[in-house]
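> I have a structure I would like to understand better, so I am pasting it below and will then ask my questions one at a time.
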Amino acid sequence: MNATVARRRANYGGRAGDGGRAGAVASGFSRTDWFASWFDSPHYHQLYAHRDSEEASRLIDRLIEHALLVPGSTVLDLGCGTGRHSRHLAGRGFDVTGIDLSAESLRLARASEGSNLRFLRQDMRLPFRAGPFDHILNLFTSFGYFDDPSDHMAVVHNIATALRPGGTLVLDYLNVRYAEAHLVAAEAVERPEVGFRVTRWSDADHIFKRIVADARGASAPVEHVEKVAKFTLEDFWFMFGLYDMTIDAVFGDYSLTAFDEEASPRLILVATAR
């Protein structure tokens, strides 16, 4: 179990359903938060340009094929980024709201807004300004960013509150054991007009990635650091249980094959609000 969650479990005394404290914890973000500056940086969009709309469409289509998303339903795309999943959902007949903190990502996403697709800017630690929803999606490791474990609990509380009874959450996270076993300590990534030097490491609670961007003609390289909590399936069972959500299915990749802790690159959870 992740150490931060273990400490939180001790604080809760193992009790489930105590949603009030976490829901009141978050007061908004600081520009010193790594994600606040990184996701607004043009370097972020350049480094992850290979995560394209085609990849997003395949995942959404598979979720529909497995009857995990029901066309015509209301969907919250939580941590929507530039809206690549939201756009395909809207095209498949869903009523979609995308939420993200990054102003730059939302600027790009809003070019595709329509009658069944809208985007809002807010911190996911604060109660959502929309809902309730039939489905909430949290994809591409858009969770686990915060220093205070209470903030992670606040997000889960907000999700549980925004789901209709019987509504479902699909949360796509990295598989910690696989990620650590296959950690590439250093690599160089070339993109048009910018080169990236990427280093990775971990400690007891987090996996880190340092990105140094060296743009052509820039006076000096720019450095960013990503940090993601090492949450396991057990951690999510605990966190979801506190807010009366149960995990119904676990997948290990974007093809939705069965999860294997040693061999699966992803940890994709489907949970229901009771």
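FYI, nothing fancy with the structure tokens labels: chains A, B, ... in order, residues from 1 per chain, ligands from 1 as they appear.
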Within stretch 82-244 of chain A, find each residue whose DSSP state, derived from the backbone, is alpha helix (DSSP H), and express the selection as an MDAnalysis selection string.
chainID A and resid 84:91 103:109 149:162 176:181 233:242
> Please produce a file of those selected residues containing C-alpha atoms, as a PDB file, in the first residue's frame.

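Resulting contents of selection.pdb:
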ATOM      1  CA  ARG A  84      -9.232  14.361 -27.440  1.00  0.00           C
ATOM      2  CA  HIS A  85     -11.450  11.882 -25.539  1.00  0.00           C
ATOM      3  CA  SER A  86     -14.248  14.435 -25.073  1.00  0.00           C
ATOM      4  CA  ARG A  87     -14.526  15.109 -28.814  1.00  0.00           C
ATOM      5  CA  HIS A  88     -14.914  11.439 -29.673  1.00  0.00           C
ATOM      6  CA  LEU A  89     -17.452  10.925 -26.899  1.00  0.00           C
ATOM      7  CA  ALA A  90     -19.524  13.820 -28.229  1.00  0.00           C
ATOM      8  CA  GLY A  91     -19.283  12.345 -31.717  1.00  0.00           C
ATOM      9  CA  ALA A 103      -5.841  27.280 -19.543  1.00  0.00           C
ATOM     10  CA  GLU A 104      -3.749  26.473 -22.622  1.00  0.00           C
ATOM     11  CA  SER A 105      -5.212  22.975 -22.987  1.00  0.00           C
ATOM     12  CA  LEU A 106      -8.732  24.367 -22.651  1.00  0.00           C
ATOM     13  CA  ARG A 107      -8.007  27.074 -25.213  1.00  0.00           C
ATOM     14  CA  LEU A 108      -7.300  24.306 -27.713  1.00  0.00           C
ATOM     15  CA  ALA A 109     -10.225  22.160 -26.537  1.00  0.00           C
ATOM     16  CA  PRO A 149      -3.012  12.870   0.606  1.00  0.00           C
ATOM     17  CA  SER A 150      -6.157  14.722   1.699  1.00  0.00           C
ATOM     18  CA  ASP A 151      -6.243  16.277  -1.770  1.00  0.00           C
ATOM     19  CA  HIS A 152      -6.467  12.856  -3.429  1.00  0.00           C
ATOM     20  CA  MET A 153      -9.313  11.999  -1.078  1.00  0.00           C
ATOM     21  CA  ALA A 154     -11.027  15.288  -1.984  1.00  0.00           C
ATOM     22  CA  VAL A 155     -10.956  14.349  -5.676  1.00  0.00           C
ATOM     23  CA  VAL A 156     -12.483  10.921  -4.991  1.00  0.00           C
ATOM     24  CA  HIS A 157     -15.119  12.564  -2.806  1.00  0.00           C
ATOM     25  CA  ASN A 158     -15.967  15.018  -5.612  1.00  0.00           C
ATOM     26  CA  ILE A 159     -16.249  12.145  -8.108  1.00  0.00           C
ATOM     27  CA  ALA A 160     -18.565  10.153  -5.834  1.00  0.00           C
ATOM     28  CA  THR A 161     -20.709  13.228  -5.219  1.00  0.00           C
ATOM     29  CA  ALA A 162     -20.994  14.060  -8.935  1.00  0.00           C
ATOM     30  CA  VAL A 176       3.192   0.938 -10.376  1.00  0.00           C
ATOM     31  CA  ARG A 177       4.907  -2.451 -10.298  1.00  0.00           C
ATOM     32  CA  TYR A 178       5.220  -2.589 -14.090  1.00  0.00           C
ATOM     33  CA  ALA A 179       6.322   1.066 -14.296  1.00  0.00           C
ATOM     34  CA  GLU A 180       9.124   0.542 -11.787  1.00  0.00           C
ATOM     35  CA  ALA A 181      10.286  -2.701 -13.406  1.00  0.00           C
ATOM     36  CA  LEU A 233      -5.145  -1.507  -6.745  1.00  0.00           C
ATOM     37  CA  GLU A 234      -5.351  -1.945  -2.964  1.00  0.00           C
ATOM     38  CA  ASP A 235      -5.060   1.825  -2.484  1.00  0.00           C
ATOM     39  CA  PHE A 236      -7.924   2.476  -4.882  1.00  0.00           C
ATOM     40  CA  TRP A 237     -10.119  -0.131  -3.177  1.00  0.00           C
ATOM     41  CA  PHE A 238      -9.577   1.763   0.073  1.00  0.00           C
ATOM     42  CA  MET A 239     -10.080   5.265  -1.331  1.00  0.00           C
ATOM     43  CA  PHE A 240     -13.186   4.341  -3.320  1.00  0.00           C
ATOM     44  CA  GLY A 241     -14.649   2.427  -0.391  1.00  0.00           C
ATOM     45  CA  LEU A 242     -14.540   5.524   1.779  1.00  0.00           C
TER      46      LEU A 242
END
> Report as a PyMOL selection string all protein, DNA and RNA residues lying within 10 Å of A:Val222, evaluated on only C-alpha atoms, omitting residues in the same chain fewer than 2 positions from it.
chain A and resi 43+196+211-215+218-220+224
> Please list as a ChimeraX atom specification every residue within 6 Å of A:Tyr173, counting only C-alpha atoms and excluding residues in the same chain fewer than 6 positions away.
/A:141,266-267
> Write out as a list in words the residues lying within 7 Å of A:Ile99, counting only C-alpha atoms and excluding same-chain residues fewer than 4 positions away.
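The neighbour list is Asp77, Leu78, Gly79, Cys80, Phe119, Leu120, Arg121 and Gln122 of chain A.
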> Given the selection you just returned, output its residues as a file containing N, CA and C atoms, formatted as a short mmCIF file (atom, residue, chain, number, x, y, z; two decimals), in the first residue's frame.

data_model
loop_
_atom_site.label_atom_id
_atom_site.label_comp_id
_atom_site.auth_asym_id
_atom_site.auth_seq_id
_atom_site.Cartn_x
_atom_site.Cartn_y
_atom_site.Cartn_z
N ASP A 77 -15.49 14.34 -18.44
CA ASP A 77 -14.11 14.00 -18.76
C ASP A 77 -13.23 14.83 -17.82
N LEU A 78 -12.80 14.20 -16.73
CA LEU A 78 -12.11 14.89 -15.64
C LEU A 78 -10.60 14.88 -15.89
N GLY A 79 -10.01 16.07 -16.10
CA GLY A 79 -8.64 16.15 -16.55
C GLY A 79 -8.61 15.94 -18.05
N CYS A 80 -9.46 16.70 -18.76
CA CYS A 80 -9.72 16.45 -20.18
C CYS A 80 -8.60 16.89 -21.09
N PHE A 119 -16.53 22.86 -22.07
CA PHE A 119 -15.33 22.74 -21.25
C PHE A 119 -15.34 23.80 -20.15
N LEU A 120 -14.89 23.40 -18.96
CA LEU A 120 -14.81 24.29 -17.80
C LEU A 120 -13.42 24.22 -17.22
N ARG A 121 -12.95 25.35 -16.72
CA ARG A 121 -11.65 25.38 -16.05
C ARG A 121 -11.85 25.36 -14.54
N GLN A 122 -11.25 24.39 -13.87
CA GLN A 122 -11.26 24.37 -12.42
C GLN A 122 -10.29 23.33 -11.89
#
> In Å, with one decimal, what is the gap from atom CA of A:Val184 to atom CA of A:Arg200?
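According to the coordinates, atom CA of A:Val184 and atom CA of A:Arg200 are separated by 6.5 Å.
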> Determine which residues of stretch 128-250 of chain A receive a DSSP assignment of strand (DSSP E or B), computed from the backbone, and state them as a CSV table (one decimal) with C-alpha atoms, in the first residue's frame.

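Ended up saving to selection29.csv:
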chain,number,residue,atom,x,y,z
A,133,PHE,CA,-23.2,12.5,-14.4
A,134,ASP,CA,-23.9,8.9,-15.6
A,135,HIS,CA,-20.2,8.4,-16.2
A,136,ILE,CA,-17.0,10.1,-15.1
A,137,LEU,CA,-13.7,9.4,-17.0
A,138,ASN,CA,-10.3,10.2,-15.6
A,163,LEU,CA,-22.0,10.6,-10.0
A,164,ARG,CA,-25.7,9.5,-10.2
A,165,PRO,CA,-26.5,6.5,-8.0
A,166,GLY,CA,-25.4,3.6,-10.1
A,167,GLY,CA,-23.1,5.8,-12.2
A,168,THR,CA,-19.7,4.6,-13.2
A,169,LEU,CA,-16.1,5.9,-13.0
A,170,VAL,CA,-13.4,4.8,-15.4
A,171,LEU,CA,-10.0,5.7,-14.0
A,172,ASP,CA,-6.9,5.0,-16.1
A,173,TYR,CA,-3.7,4.9,-14.0
A,174,LEU,CA,-0.2,3.6,-14.4
A,186,ALA,CA,17.3,8.4,-19.1
A,187,GLU,CA,16.4,9.0,-22.7
A,188,ALA,CA,16.5,11.7,-25.4
A,189,VAL,CA,13.3,12.6,-27.3
A,190,GLU,CA,13.4,14.7,-30.5
A,191,ARG,CA,10.5,16.8,-31.6
A,194,VAL,CA,12.9,21.1,-29.5
A,195,GLY,CA,14.9,18.3,-28.0
A,196,PHE,CA,14.0,16.7,-24.6
A,197,ARG,CA,16.2,15.0,-22.1
A,198,VAL,CA,14.1,12.8,-19.8
A,199,THR,CA,15.2,11.2,-16.6
A,200,ARG,CA,13.1,9.0,-14.3
A,201,TRP,CA,13.4,7.7,-10.7
A,202,SER,CA,11.2,6.8,-7.8
A,206,HIS,CA,6.2,8.6,-6.0
A,207,ILE,CA,7.5,8.1,-9.5
A,208,PHE,CA,9.3,11.1,-10.9
A,209,LYS,CA,10.1,12.3,-14.4
A,210,ARG,CA,12.4,15.3,-15.0
A,211,ILE,CA,12.0,16.9,-18.5
A,212,VAL,CA,14.6,19.3,-19.8
A,213,ALA,CA,13.5,21.0,-22.9
A,214,ASP,CA,16.1,22.5,-25.2
A,215,ALA,CA,14.3,24.5,-27.9
A,222,VAL,CA,13.8,24.8,-19.4
A,223,GLU,CA,13.2,22.1,-16.8
A,224,HIS,CA,10.0,20.6,-15.6
A,225,VAL,CA,9.4,17.7,-13.1
A,226,GLU,CA,6.4,15.4,-13.1
A,227,LYS,CA,5.4,13.5,-9.9
A,228,VAL,CA,2.8,10.8,-9.6
A,229,ALA,CA,1.8,8.9,-6.4
A,245,MET,CA,-17.9,3.2,-4.6
A,246,THR,CA,-17.1,-0.4,-5.5
A,247,ILE,CA,-14.6,-1.6,-8.2
A,248,ASP,CA,-16.4,-3.8,-10.7
A,249,ALA,CA,-13.7,-4.4,-13.3
A,250,VAL,CA,-10.0,-4.0,-13.7
> Using only C-alpha atoms, which residues sit within 10 Å of A:Tyr254 once same-chain residues fewer than 4 positions away are excluded, as a list of chain:residue names?
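Contacts, with the query itself left out: A:Glu55, A:Ala56, A:Arg58, A:Leu59, A:Ile60, A:Arg62, A:Leu63, A:Asp172, A:Pro265, A:Arg266, A:Leu267, A:Ile268.
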> Would you save the residues from that selection as a short mmCIF file (atom, residue, chain, number, x, y, z; two decimals), in the first residue's frame, using C-alpha atoms?

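This is the output file result-v1.cif:
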data_model
loop_
_atom_site.label_atom_id
_atom_site.label_comp_id
_atom_site.auth_asym_id
_atom_site.auth_seq_id
_atom_site.Cartn_x
_atom_site.Cartn_y
_atom_site.Cartn_z
CA GLU A 55 -5.51 6.51 -29.68
CA ALA A 56 -8.25 8.24 -27.67
CA ARG A 58 -9.90 3.46 -29.85
CA LEU A 59 -10.16 3.48 -26.06
CA ILE A 60 -13.60 5.12 -26.05
CA ARG A 62 -13.67 -0.30 -26.63
CA LEU A 63 -15.36 1.03 -23.50
CA ASP A 172 -6.88 5.01 -16.06
CA PRO A 265 1.36 -1.44 -18.31
CA ARG A 266 -1.87 0.20 -17.08
CA LEU A 267 -4.29 -0.06 -14.17
CA ILE A 268 -7.75 0.77 -15.59
#
> Taking only C-alpha atoms into account, produce a table as JSON lines in which each residue of stretch 91-139 of chain A with an atom at most 10 Å from an atom of stretch 143-146 of chain A appears once, together with its shortest atom pair and the distance in Å to one decimal, ordered by chain and rising number.

{"residue": "A:Met124", "atom": "CA", "partner": "A:Phe143", "partner_atom": "CA", "distance": 9.4}
{"residue": "A:Arg125", "atom": "CA", "partner": "A:Phe146", "partner_atom": "CA", "distance": 9.7}
{"residue": "A:Asn138", "atom": "CA", "partner": "A:Phe143", "partner_atom": "CA", "distance": 7.4}
{"residue": "A:Leu139", "atom": "CA", "partner": "A:Phe143", "partner_atom": "CA", "distance": 8.4}
> Those selected residues, please, written with N, CA and C atoms and delivered as an mmCIF file, in the first residue's frame.

data_model
loop_
_atom_site.group_PDB
_atom_site.id
_atom_site.type_symbol
_atom_site.label_atom_id
_atom_site.label_comp_id
_atom_site.auth_asym_id
_atom_site.auth_seq_id
_atom_site.Cartn_x
_atom_site.Cartn_y
_atom_site.Cartn_z
ATOM 1 N N MET A 124 -9.616 20.094 -9.803
ATOM 2 C CA MET A 124 -10.449 18.931 -9.505
ATOM 3 C C MET A 124 -10.598 18.676 -8.005
ATOM 4 N N ARG A 125 -9.793 19.343 -7.182
ATOM 5 C CA ARG A 125 -9.939 19.194 -5.734
ATOM 6 C C ARG A 125 -11.134 19.956 -5.184
ATOM 7 N N ASN A 138 -11.505 9.515 -16.002
ATOM 8 C CA ASN A 138 -10.265 10.158 -15.574
ATOM 9 C C ASN A 138 -9.137 9.356 -16.214
ATOM 10 N N LEU A 139 -8.622 9.865 -17.342
ATOM 11 C CA LEU A 139 -7.776 9.063 -18.227
ATOM 12 C C LEU A 139 -6.359 9.616 -18.323
#
> Could you please determine the separation between atom CA of A:Asp123 and atom CA of A:Asp100 in Å, to one decimal place?
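Distance between the two atoms: 7.0 Å.
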> A:Leu117, A:Leu183, A:Leu68, A:Leu47: which is nearest A:Phe94, counting only C-alpha atoms?
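Residue with the minimum atom-to-atom distance to A:Phe94: A:Leu117.
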